[in-house]
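Participant: Could you have a look at this structure, given as structure tokens, before my questions?
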Amino acid sequence: MRADRSRLGAAVDAAFAPGGPLALALPGFEARSGQLEMAEAVSAVFAEGGVLLAEAGTGTGKTLAYLIPAILSRRRVLISTGTKNLQEQIFFKDLPVLRDSLGVKFTATYMKGRGNYLCLHRFDAYKEGGSAQSLGFTRDESLYVRLIDAWRRETETGDRSELEDLPEDLPFWKDIAASSENCIGTECPQYQECFVTRMRQRAAESDIVIVNHHLLCADAAVRQSDYGEVIPSCNYAVIDEAHQLEDVATQYFGIAVSNYRLDDLARDMDRALGANLVPDRDRADALKDDAERVRAHARAFFAALQMTRFDVPGVGASDSRIRIGSSHMLKVADEGAALVRAIEALEADIALAREVPPDVLALGARAADVRKDIEFLVRADDPGFVYYLESRGRGVFLRGSPIDVSAIVRELLLDRMAATILTSATLTVDGSFEYVRGRLGIRHAREVRLASEFDYARQAILYLPKRMPDPRSREFTIAVAREVIDIVKRTRGRAFVLFTSYANLREVQARASAEIDYPILVQGTAPRSALLRDFKATPNAVLLATSSFWQGVDVVGKALSCVIIDKLPFASPADPITSARIEAINARGGSAFGEYQIPLAILALQQGLGRLLRHRQDRGVLAVLDPRLRSMSYGRRFLASLPPAPVTYQVQDIERFFAAEGSAAEEHS
């Protein structure tokens, strides 16, 4: 092991050395001290095994710090990121440079979730079914079917993102996607030609496999099936943007049923019958009746669930997620039992059907899966889960999520690896990794903390207004709007204004839009990617946004020169998962506020403020408008976590800061 570590360490040092391959390939490249320290730590863990926790401040260059040891280790390494942007940066930008410069041959595969890929078998069936209908496809459907049909013959990947003219919300995509629910595995007549099969084969032959946390967790959750997983076995992993892992794991290791899921099952049964996949007419008639009963009992079950909203104290019409328990489920027990019986009848009739293709048998397996999930959720008696109802548009979702995912992450992810690196710009609270260790079930780990390479004393100032009302008061949002207007006028737009709630965003928007002359973009008016593109392309723009813009967003240069945050981003204690975790910590004698709520908010605040400086030449203003930073005792913990920029309480200093920038530029010229 020492020899392996020595050899790998020497090779990594040579790659980063002055005059070395990176310096020759990247003009102006100079390895940073933090980057070298992290690369050394990553090399040690790849050589000796174990877990590394690496907090690498913005500007450290952490991506190259783990990619180069991964490549030079000559092992298959799985790299999981929190965002699509980082996936694409690694695959399309970083790896080509390293392939050309390191003098080492390696292969890489970029993997997305199965739902991104076309299922050839399902598409053929869909195309034939539409053509056979008396009315056929609509004009739009025919256009998109022809577009996909032409593309499928030339694409190497089957990844829908190649089709720029395909709408993001194409209604029938889920009918033709290669999702695990649709897949019939090796029984499929197009299994060898399948894009997912080919992607899995490429990944199994690759040295570097790039995924995201959603695919990583979804894959781990279905590994017990024969064909659900797509990620090949890897013994070495890098989890970048690791601060997101707990939330993603909570989503994918939970249980959920919805009216959509039941509708899709019944509809797919109807389609199979319409395509004459069940030759026995008596059995086909029985299955048709079964599908209609499933549909009817599902409507009754989800309608009864919706009525339980009125039994939960303090729930308003706008609350989309409502925590429920076994007492609420008792009120829908009859409807749940009737739905389970209807699904059992469908399962039984499929099992009795003779000479039916794998597509029909797969519907029986789907029916069994959804029945088991309903039975689990209706019991609502597992103390390790929190149960809740979620409404989104016409969708009604009954969910059970694990309260604590630490054991799951340890067993299904960490313990399966010989070596795992978990890294992010935000992993420590109060200078310690203790919080993230506990949340992710990490027992033993090496640790390395690397400060940001940015010069905050020169590149930024932190503005904390002297007087602000209590955040719980009606006057607070009025004061926030006043501050936002004042700040944005001084920064000439070029700002992200990040809110902790849509309600605050809408009220500030209403007040500020009349007084701000700069273009205002608002989350919810367009897809996130379109808003980000428009912000970068629109001079002096101001973006008003909530949680999805607090992380994973990069705007380099003067287009973003100010980040304003309205309130400390505490997770709502009314959220079902948050409330269950608070109760669990308090029940074991801990202090949920100090151990969970504050650390979680600190990491979120660091992520939000981290949007400002993305390059050594960036400059700008950070503003946090919440008075609790100074008025509450816990505010000291937040203040200690803020970037080390000079603090001002005078809004006029913002103008002076930018005036100094202009003077410096003029003097330089």
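Chain identifiers are assigned as A, B, and so on, following the order in which chains appear in the structure tokens; residues are numbered from 1 within each chain, and ligands are numbered from 1 in order of appearance.
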Skip Met111 (chain A) itself and residues of its chain fewer than 2 positions away, then list as a PyMOL selection string all residues within 7 Å of it, counting only C-alpha atoms.

Facilitator: chain A and resi 109+113+210-211

Participant: Take the residues just selected and output them with C-alpha atoms as a PDB file, in the first residue's frame.

Facilitator:
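Contents of the output file selection.pdb:
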```pdb
ATOM      1  CA  THR A 109     -18.859   7.344 -19.892  1.00  0.00           C
ATOM      2  CA  GLY A 113     -31.143   8.478 -15.374  1.00  0.00           C
ATOM      3  CA  ILE A 210     -19.776   9.999 -14.445  1.00  0.00           C
ATOM      4  CA  VAL A 211     -23.257  10.019 -12.874  1.00  0.00           C
TER       5      VAL A 211
END
```

Participant: What are the closest atom pairs, with distances in Å to one decimal, for each residue of region 82-191 of chain A lying within 12 Å of region 363-385 of chain A, using only C-alpha atoms, rows by chain and rising residue number, as a tab-separated table?

Facilitator:
```
residue	atom	partner	partner_atom	distance
A:Ser180	CA	A:Arg366	CA	10.2
A:Glu181	CA	A:Arg366	CA	6.9
A:Asn182	CA	A:Leu363	CA	8.6
A:Cys183	CA	A:Leu363	CA	10.2
A:Ile184	CA	A:Leu363	CA	9.5
```

Participant: Export, as a CSV table (one decimal), in the first residue's frame, the selected residues with C-alpha atoms.

Facilitator:
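Written output follows (again10.csv):
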```csv
chain,number,residue,atom,x,y,z
A,180,SER,CA,-37.0,0.9,-15.0
A,181,GLU,CA,-40.8,0.6,-14.6
A,182,ASN,CA,-41.2,0.2,-18.4
A,183,CYS,CA,-38.3,-2.2,-18.9
A,184,ILE,CA,-38.8,-5.9,-19.5
```

Participant: Of the candidates A:Leu287, A:Val555, A:Ala303, A:Leu118, which shows the shortest atom-to-atom distance to Lys536 (chain A), using only C-alpha atoms?

Facilitator: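 Closest residue, counting only C-alpha atoms: A:Val555.
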
Participant: Name all residues at most 8 Å from Lys288 (chain A) (count only C-alpha atoms; drop same-chain ones fewer than 5 positions away) and give them as a PyMOL selection string.

Facilitator: chain A and resi 269-270+273

Participant: Would you mind exporting the chosen residues as a CSV table (one decimal), in the first residue's frame, restricted to N, CA and C atoms?

Facilitator:
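The resulting file, result.csv, is reproduced below:
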```csv
chain,number,residue,atom,x,y,z
A,269,MET,N,-52.4,-1.2,-19.4
A,269,MET,CA,-53.1,-2.4,-19.5
A,269,MET,C,-54.1,-2.3,-20.7
A,270,ASP,N,-54.8,-1.2,-20.8
A,270,ASP,CA,-55.7,-0.9,-21.9
A,270,ASP,C,-55.0,-1.0,-23.2
A,273,LEU,N,-54.1,-4.5,-24.3
A,273,LEU,CA,-55.3,-5.2,-24.8
A,273,LEU,C,-55.7,-4.7,-26.1
```

Participant: Could you check how far CA of Phe92 (chain A) sits from CA of Val222 (chain A), in Å to one decimal?

Facilitator: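 CA of Val222 (chain A) lies at a distance of 28.8 Å from CA of Phe92 (chain A).
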
Participant: Kindly indicate which residue among A:Gly103, A:Pro171, A:Pro576, A:Gly395 lies nearest to Val257 (chain A), using only C-alpha atoms for the distances.

Facilitator: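 Among A:Gly103, A:Pro171, A:Pro576, A:Gly395, it is A:Gly395 that comes nearest to Val257 (chain A).
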
Participant: What is the CA of Pro519 (chain A)-CA of Leu543 (chain A) distance in Å, reported with one decimal?

Facilitator: 8.5 Å

Participant: Using only C-alpha atoms for the distances, tell me which of A:Ile408, A:Ala580, A:Leu414, A:Ala623 is nearest to Thr250 (chain A).

Facilitator: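 Under the stated criterion, the closest residue is A:Ile408.
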
Participant: Taking the DSSP assignment computed from this structure's backbone, write out as a ChimeraX atom specification all residues of region 364-568 of chain A that belong to helix (DSSP H, G or I).

Facilitator: /A:364-379,406-414,434-440,456-459,475-491,502-512,528-537,547-549

Participant: Which of these residues is nearest to Leu412 (chain A), using only C-alpha atoms: A:Gly441, A:Pro189, A:Gly594, A:Pro357?

Facilitator: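 That would be A:Gly441, the residue with the smallest distance to Leu412 (chain A).
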
Participant: So the first atom is CA of Tyr387 (chain A) and the second is CA of Glu583 (chain A); what is the distance between them in Å, to one decimal place?

Facilitator: 13.8 Å

Participant: Name all residues at most 8 Å from Val542 (chain A) (count only C-alpha atoms; drop same-chain ones fewer than 5 positions away) and give them as a VMD selection string.

Facilitator: chain A and resid 488 493 to 497 518 to 521 535

Participant: Write the residues of the selection above to a file with N, CA and C atoms, as a PDB file, in the first residue's frame.

Facilitator:
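And here is the file that came out, again01.pdb:
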```pdb
ATOM      1  N   VAL A 488     -29.792  47.523  -5.126  1.00  0.00           N
ATOM      2  CA  VAL A 488     -29.748  47.250  -6.563  1.00  0.00           C
ATOM      3  C   VAL A 488     -29.493  48.530  -7.369  1.00  0.00           C
ATOM      4  N   GLY A 493     -28.138  47.018 -10.874  1.00  0.00           N
ATOM      5  CA  GLY A 493     -28.660  45.686 -11.177  1.00  0.00           C
ATOM      6  C   GLY A 493     -27.607  44.641 -10.888  1.00  0.00           C
ATOM      7  N   ARG A 494     -27.441  43.686 -11.833  1.00  0.00           N
ATOM      8  CA  ARG A 494     -26.392  42.656 -11.744  1.00  0.00           C
ATOM      9  C   ARG A 494     -26.495  41.849 -10.449  1.00  0.00           C
ATOM     10  N   ALA A 495     -27.729  41.519 -10.048  1.00  0.00           N
ATOM     11  CA  ALA A 495     -27.932  40.948  -8.712  1.00  0.00           C
ATOM     12  C   ALA A 495     -28.826  39.720  -8.728  1.00  0.00           C
ATOM     13  N   PHE A 496     -28.487  38.776  -7.843  1.00  0.00           N
ATOM     14  CA  PHE A 496     -29.389  37.712  -7.428  1.00  0.00           C
ATOM     15  C   PHE A 496     -30.017  38.150  -6.104  1.00  0.00           C
ATOM     16  N   VAL A 497     -31.334  38.108  -6.010  1.00  0.00           N
ATOM     17  CA  VAL A 497     -32.015  38.326  -4.735  1.00  0.00           C
ATOM     18  C   VAL A 497     -32.656  36.987  -4.375  1.00  0.00           C
ATOM     19  N   TYR A 518     -34.063  48.420 -13.832  1.00  0.00           N
ATOM     20  CA  TYR A 518     -33.319  47.363 -14.505  1.00  0.00           C
ATOM     21  C   TYR A 518     -34.234  46.173 -14.809  1.00  0.00           C
ATOM     22  N   PRO A 519     -33.884  45.354 -15.795  1.00  0.00           N
ATOM     23  CA  PRO A 519     -34.707  44.173 -16.129  1.00  0.00           C
ATOM     24  C   PRO A 519     -34.806  43.227 -14.930  1.00  0.00           C
ATOM     25  N   ILE A 520     -36.025  42.813 -14.615  1.00  0.00           N
ATOM     26  CA  ILE A 520     -36.252  41.902 -13.490  1.00  0.00           C
ATOM     27  C   ILE A 520     -36.728  40.554 -14.021  1.00  0.00           C
ATOM     28  N   LEU A 521     -36.008  39.512 -13.647  1.00  0.00           N
ATOM     29  CA  LEU A 521     -36.383  38.138 -13.984  1.00  0.00           C
ATOM     30  C   LEU A 521     -36.878  37.463 -12.716  1.00  0.00           C
ATOM     31  N   PHE A 535     -30.419  35.829 -17.765  1.00  0.00           N
ATOM     32  CA  PHE A 535     -29.708  36.688 -16.820  1.00  0.00           C
ATOM     33  C   PHE A 535     -28.305  37.005 -17.333  1.00  0.00           C
TER      34      PHE A 535
END
```

Participant: Looking at only C-alpha atoms, which of A:Ser572, A:Ala333, A:Gly610, A:Leu603 is the one that sits closest to Phe454 (chain A)?

Facilitator: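 The closest residue to Phe454 (chain A) is A:Gly610.
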
Participant: Fewer than 6 positions away in the same chain doesn't count, so skip those; otherwise give me all residues within 12 Å of Met38 (chain A), counting only C-alpha atoms, as a count of residues only.

Facilitator: 34

Participant: Which of these, A:Pro402, A:Ile176, A:Tyr117, A:Ala296, has the shortest distance to Thr155 (chain A) once you count only C-alpha atoms?

Facilitator: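 Among A:Pro402, A:Ile176, A:Tyr117, A:Ala296, it is A:Tyr117 that comes nearest to Thr155 (chain A).
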
Participant: At a cut-off of 9 Å, using only C-alpha atoms, what residues contact Phe549 (chain A)? Leave out same-chain residues fewer than 6 positions from it and give the result as a VMD selection string.

Facilitator: chain A and resid 496 498 523 528 608 611

Participant: Store the residues picked out above in a file with C-alpha atoms, as a compact mmCIF listing (two decimals), in the first residue's frame.

Facilitator:
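After the write, selection.txt holds the following:
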```
# COMPACT_ATOMS: atom_id res chain seq x y z
CA PHE A 496 -29.39 37.71 -7.43
CA LEU A 498 -32.52 34.97 -2.99
CA GLN A 523 -38.34 32.37 -10.84
CA ARG A 528 -34.50 27.58 -14.54
CA GLY A 608 -26.32 30.94 -1.41
CA ARG A 611 -22.97 32.20 -5.97
```

Participant: Mind checking which residues fall within 9 Å of Val409 (chain A), counting only C-alpha atoms, ignoring those fewer than 2 positions away in the same chain, and posting them as a list in words?

Facilitator: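 The residues satisfying every condition are Cys217, Leu245, Glu246, Ala249, Val405, Ser406, Ala407, Glu411, Leu412, Leu413, Leu414, Asp415, Leu440, Gly441 and Ile442 of chain A.
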
Participant: DSSP says strand (DSSP E or B) for which residues of region 225-260 of chain A? Put them as JSON, numbers by chain?

Facilitator: {"A": [236, 237, 238, 239, 255, 256, 257, 258]}
